[in-house]
Amino acid sequence: MRRLTFPAGFLWGVATSSHQNEGNNHNNDFWAWEQIPGHVADHSTSGLVADWWRSAEADFDRAADLGLNTLRLSVEWSRLEPQPGVWDSAAFDRYRVMLHGLHERGIRPMVTLHHFSNPVWLAERGGWANPAVVRHFERYVSHVAAELGDLVNVWGTINEPYIYAAMAYMLGDWPPGQRSLLQLAKVMRHQANAHAAAYHAIHQVQPGAQVGVVKHLAGFDPYRPLWPGDRGVAALMDALTNWRFLDAITSGRFKLPLGLGLRRNLIAQGTNDFIGVNYYGRSRLRLHWRDVPVPAPPDLAWPVPWVNREIYPRGLYRFLMKLRRYDRPVYITENGLADSTDLIRPGFLLAHLANVHHAIQDGADVRAYYHWTLVDNYEWTEGWTTRFGLFGLDTETQARTMRRSARLYREIIAANGITEEMVANHAPHIMAQVFDSADEPLPVEASEEDAA
Ligand code: FCB
């Protein structure tokens with residue numbers, strides 16, 4: 001019987017975020033954005049979401065039952081600092097209770113400080129396009145570290161800086177709805193500075209803390225591997241979206257392509273104790289700048305053309321191997337699939353974890369895997385059209401349904417690895433991907449037999 005065993009002490013988790021889980025976060029810019037007709041795909045608003053502000057503990061029990069030893073959540077800036085310089089002690093208390101609750105269950109928290117949403121007051125002051133954001137973020141972070149640092153040792157500064165900057169300032173889909181390359185460049189520079197300021201602020205109050213960024217890495221490959229045009233487009237997208245930020249916070253310099261533009265020295269050099277990686281898949285690009293249609297399960301076919309991704313587990317292996325150049329431990333801070341049927345998710349989980357295992361065998365220093373997510377979440381401007389949970393959520397009744405992927409994840413965690421039997425039971429069609437490192441996209445037509 002073949003088996004892939006993970007290193008002793010490997011961290012098994014799920015990832016979540018404040019706005020997508022807590023409910024009633026009405027003092028942030030995303031809440032305001034959702035209320036405007038036309039902004040959210042299914043015309044929904046986040047409302048109560050999974051009601052974590054009142055009862056996260058019931059889901060922490062579910063997490064403990066799965067055997068998780070870590071959980072990633074974010075703290076909501078708009079709750080903790082509802083007005084500039086005004087701190088809400090009741091909100092800090094609630095987070096203390098939640099964090100305690102995790103520790104009591106043997107679950108180590110990882111905390112993200114910025115996960116897309118901003119206090120309304122910050123948005124009114126120009127948000128991330130205003131250089132003052134760096135100072136505001138630094139003050140907020142240093143306060144949070146002082147108040148919660150005894151309960152948190154691993155901090156993620158900013159979740160997916162490029163995705164946030166692009167969605168909010170270049171594509172105009174998220175608040176403040178701007179469409180400007182100039183704003184995008186500015187925001188990205190402010191993010192690198194804010195990350196660096198936060199890194200130093202945390203270390204000042206908590207020298208032993210682990211601080212890193214949570215970086216989205218999207219695969220870009222040429223549709224026609226030998227065509228120079230396709231190769232060029234893929235290489236450019238890869239350089240711009242995947243490596244710019246990580247290079248900036250490693251070298252301290254924020255460079256634009258071809259050596260153009262900003263080469264300003266930052267205080268950002270070496271501000272990474274670990275690298276957080278969110279990985280969902282890849283796109284294959286053609287020169288004419290449009291994605292190639294790829295087979296995708298119904299709720300993966302996100303309406304934004306350039307996120308019409310292909311499920312490509314081997315891409316995670318490839319990124320993990322490339323990340324070795326930064327010489328830092330890697331936490332896989334997000335990886336998951338929108339699949340309300342749960343037909344494809346078990347194979348997705350097994351194939352990605354197998355690639356993590358292969359990368360570790362080949363020298364990658366991967367310490368943790370956080371599946372996105374525990375319970376169906378409110379998916380930003382996709383609203384409730386995408387279901388990422390190991391548990392399904394009925395938003396009317398708040399009832400949870402355990403999906404078979406949750407049971408599979410529990411088995412994986414208990415075994416600290418993957419066995420041939422698990423693959424045979426849950427996704428026999430990917431046996432080669434799991435045990436022979438096959439470099440191909442995951443088939444999305446899971447058979448009904450797999451689901452049985
Ligand atoms: C990531 C986000 C997370 C969630 C997942 C599906 O890009 O960080 O909040 O929306 O995608």
# chains A, B, ... in the order shown; residues from 1 in each chain; ligands from 1
>>> residues_around(residues="stretch 118-121 of chain A", least_positions_apart="2", cutoff="6 Å", atoms="only C-alpha atoms", output="list of chain:residue names")
A:Asn27, A:Asn28, A:Asp29, A:Ser78, A:Ala123, A:Glu124
>>> write_last_selection(atoms="C-alpha atoms", output="CSV table (one decimal), in the first residue's frame")
chain,number,residue,atom,x,y,z
A,27,ASN,CA,-18.4,49.9,9.3
A,28,ASN,CA,-16.2,48.8,6.4
A,29,ASP,CA,-16.0,49.8,2.7
A,78,SER,CA,-13.1,48.6,11.1
A,123,ALA,CA,-11.7,54.7,2.6
A,124,GLU,CA,-12.9,58.3,3.0
>>> residues_near_ligand(ligand="ligand 1", cutoff="7 Å", atoms="only C-alpha atoms and all ligand atoms", output="PyMOL selection string")
chain A and resi 17+115+159-160+216+372+379-380+388
>>> select_by_dssp(residues="stretch 21-137 of chain A", states="helix (DSSP H, G or I)", output="PyMOL selection string")
chain A and resi 21+29-34+52-66+77-80+89-104+120-124+127-129+132-137
>>> residues_around(residues="A:Pro7", least_positions_apart="6", cutoff="10 Å", atoms="only C-alpha atoms", output="ChimeraX atom specification")
/A:357,360-361,366-367,416-417
>>> residues_around(residues="stretch 337-354 of chain A", least_positions_apart="2", cutoff="9 Å", atoms="only C-alpha atoms", output="VMD selection string")
chain A and resid 4 280 297 to 300 311 to 317 335 356 to 359 369 371 to 373 385 to 390 392 403 to 406 408 to 409 412 417 to 418 422 to 423 426 to 431 433 to 435 437 442 to 448 450 to 451
>>> closest_residue(among="A:Val75, A:Ala432, A:Ala415, A:Leu393", to="A:Phe92", atoms="only C-alpha atoms")
A:Val75
>>> residues_around(residues="A:His195", least_positions_apart="6", cutoff="10 Å", atoms="only C-alpha atoms", output="compact mmCIF listing (two decimals) with N, CA and C atoms, in the first residue's frame")
# COMPACT_ATOMS: atom_id res chain seq x y z
N LEU A 113 -3.82 40.66 9.17
CA LEU A 113 -4.16 42.01 9.64
C LEU A 113 -4.97 42.81 8.62
N HIS A 114 -4.79 42.53 7.36
CA HIS A 114 -5.60 43.19 6.33
C HIS A 114 -6.06 42.15 5.33
N VAL A 134 0.12 54.15 5.12
CA VAL A 134 1.26 53.43 5.70
C VAL A 134 1.32 53.71 7.21
N PHE A 137 -1.79 52.19 8.97
CA PHE A 137 -1.69 50.73 9.10
C PHE A 137 -0.68 50.37 10.20
N GLU A 138 0.41 51.09 10.21
CA GLU A 138 1.45 50.83 11.21
C GLU A 138 0.90 51.02 12.63
N VAL A 141 -1.55 48.17 13.42
CA VAL A 141 -0.87 46.89 13.62
C VAL A 141 -0.13 46.87 14.95
N GLY A 156 0.05 37.44 9.43
CA GLY A 156 0.10 37.78 8.00
C GLY A 156 -0.25 39.26 7.90
N THR A 157 0.57 40.03 7.23
CA THR A 157 0.32 41.48 7.17
C THR A 157 -0.84 41.80 6.24
N ILE A 158 -0.63 41.54 4.93
CA ILE A 158 -1.63 41.91 3.94
C ILE A 158 -1.97 40.66 3.12
N PRO A 161 -1.80 41.23 -1.77
CA PRO A 161 -1.70 42.65 -2.11
C PRO A 161 -2.01 42.96 -3.58
N ARG A 189 2.95 50.32 -4.20
CA ARG A 189 4.11 50.83 -3.45
C ARG A 189 3.73 51.05 -1.98
N ALA A 201 6.89 47.02 13.23
CA ALA A 201 6.06 47.37 14.39
C ALA A 201 5.78 46.11 15.23
N VAL A 211 6.41 36.92 11.09
CA VAL A 211 5.60 37.87 10.30
C VAL A 211 5.89 37.68 8.81
N GLY A 212 4.84 37.63 8.03
CA GLY A 212 5.04 37.48 6.59
C GLY A 212 3.84 38.01 5.82
N VAL A 213 4.00 38.05 4.51
CA VAL A 213 2.89 38.49 3.67
C VAL A 213 2.14 37.25 3.18
N ILE A 249 9.95 42.99 -1.04
CA ILE A 249 10.13 42.87 0.40
C ILE A 249 11.34 41.99 0.73
N ILE A 267 12.08 50.53 3.31
CA ILE A 267 12.50 49.92 4.56
C ILE A 267 12.11 48.45 4.55
N ALA A 268 11.82 47.95 3.34
CA ALA A 268 11.20 46.63 3.23
C ALA A 268 12.18 45.49 3.15
N THR A 271 11.87 41.76 5.05
CA THR A 271 10.75 41.80 6.00
C THR A 271 9.81 40.60 5.83
N ASN A 272 10.38 39.45 5.89
CA ASN A 272 9.65 38.22 5.64
C ASN A 272 10.19 37.11 6.52
>>> select_by_dssp(residues="stretch 27-205 of chain A", states="strand (DSSP E)", output="VMD selection string")
chain A and resid 70 to 74 108 to 114 154 to 159
>>> write_last_selection(atoms="N, CA and C atoms", output="mmCIF file, in the first residue's frame")
data_model
loop_
_atom_site.group_PDB
_atom_site.id
_atom_site.type_symbol
_atom_site.label_atom_id
_atom_site.label_comp_id
_atom_site.auth_asym_id
_atom_site.auth_seq_id
_atom_site.Cartn_x
_atom_site.Cartn_y
_atom_site.Cartn_z
ATOM 1 N N THR A 70 -4.197 24.170 13.420
ATOM 2 C CA THR A 70 -4.048 25.606 13.204
ATOM 3 C C THR A 70 -5.259 26.129 12.447
ATOM 4 N N LEU A 71 -5.517 27.428 12.568
ATOM 5 C CA LEU A 71 -6.619 28.056 11.843
ATOM 6 C C LEU A 71 -6.211 29.488 11.544
ATOM 7 N N ARG A 72 -6.441 29.894 10.295
ATOM 8 C CA ARG A 72 -6.101 31.267 9.916
ATOM 9 C C ARG A 72 -7.376 32.097 9.893
ATOM 10 N N LEU A 73 -7.352 33.197 10.633
ATOM 11 C CA LEU A 73 -8.474 34.135 10.580
ATOM 12 C C LEU A 73 -7.905 35.533 10.450
ATOM 13 N N SER A 74 -8.769 36.496 10.120
ATOM 14 C CA SER A 74 -8.266 37.873 10.088
ATOM 15 C C SER A 74 -9.010 38.691 11.127
ATOM 16 N N ARG A 108 -3.645 26.361 16.868
ATOM 17 C CA ARG A 108 -2.821 27.575 16.887
ATOM 18 C C ARG A 108 -3.351 28.587 15.889
ATOM 19 N N PRO A 109 -3.649 29.803 16.331
ATOM 20 C CA PRO A 109 -4.149 30.779 15.365
ATOM 21 C C PRO A 109 -3.035 31.398 14.521
ATOM 22 N N MET A 110 -3.351 31.656 13.255
ATOM 23 C CA MET A 110 -2.541 32.552 12.446
ATOM 24 C C MET A 110 -3.462 33.723 12.123
ATOM 25 N N VAL A 111 -2.972 34.942 12.305
ATOM 26 C CA VAL A 111 -3.859 36.098 12.155
ATOM 27 C C VAL A 111 -3.404 37.021 11.020
ATOM 28 N N THR A 112 -4.345 37.308 10.117
ATOM 29 C CA THR A 112 -4.100 38.261 9.032
ATOM 30 C C THR A 112 -4.589 39.635 9.480
ATOM 31 N N LEU A 113 -3.821 40.661 9.171
ATOM 32 C CA LEU A 113 -4.160 42.007 9.642
ATOM 33 C C LEU A 113 -4.965 42.810 8.624
ATOM 34 N N HIS A 114 -4.785 42.533 7.364
ATOM 35 C CA HIS A 114 -5.598 43.189 6.335
ATOM 36 C C HIS A 114 -6.060 42.148 5.329
ATOM 37 N N VAL A 154 1.941 34.031 14.892
ATOM 38 C CA VAL A 154 2.149 34.089 13.440
ATOM 39 C C VAL A 154 1.195 35.124 12.846
ATOM 40 N N TRP A 155 1.772 36.135 12.197
ATOM 41 C CA TRP A 155 0.982 37.235 11.643
ATOM 42 C C TRP A 155 1.168 37.314 10.133
ATOM 43 N N GLY A 156 0.050 37.443 9.429
ATOM 44 C CA GLY A 156 0.099 37.779 8.003
ATOM 45 C C GLY A 156 -0.248 39.260 7.899
ATOM 46 N N THR A 157 0.573 40.027 7.225
ATOM 47 C CA THR A 157 0.322 41.479 7.175
ATOM 48 C C THR A 157 -0.838 41.796 6.236
ATOM 49 N N ILE A 158 -0.626 41.544 4.933
ATOM 50 C CA ILE A 158 -1.630 41.910 3.936
ATOM 51 C C ILE A 158 -1.968 40.663 3.124
ATOM 52 N N ASN A 159 -3.269 40.419 2.963
ATOM 53 C CA ASN A 159 -3.690 39.295 2.137
ATOM 54 C C ASN A 159 -3.709 39.704 0.666
#
>>> closest_residue(among="A:Leu246, A:Pro131, A:Leu226, A:Thr241", to="A:His190", atoms="only C-alpha atoms")
A:Pro131
>>> residues_around(residues="A:Pro176", least_positions_apart="6", cutoff="10 Å", atoms="only C-alpha atoms", output="PyMOL selection string")
chain A and resi 29-30+33+123-124+126-129+167-169
>>> closest_residue(among="A:Asp238, A:Ser251, A:Asp51, A:Thr5", to="A:Ile413", atoms="only C-alpha atoms")
A:Thr5
>>> closest_residue(among="A:Gln191, A:His200, A:Gly177, A:Gly219", to="A:Ala145", atoms="only C-alpha atoms")
A:His200
>>> residues_around(residues="A:Met1", least_positions_apart="5", cutoff="9 Å", atoms="only C-alpha atoms", output="PDB file with C-alpha atoms, in the first residue's frame")
ATOM      1  CA  THR A 419      -2.810   6.622   1.552  1.00  0.00           C
ATOM      2  CA  GLU A 420      -3.573   4.708  -1.595  1.00  0.00           C
ATOM      3  CA  GLU A 421      -6.811   3.635   0.024  1.00  0.00           C
TER       4      GLU A 421
END
>>> atom_distance(atom1="atom CA of A:His103", atom2="atom CA of A:Leu66")
15.2 Å
>>> closest_residue(among="A:Asn69, A:Met321, A:Gln35, A:Thr16", to="A:Trp52", atoms="only C-alpha atoms")
A:Thr16
>>> closest_residue(among="A:Phe116, A:Ala58, A:Arg125, A:Ile107", to="A:Glu76", atoms="only C-alpha atoms")
A:Phe116
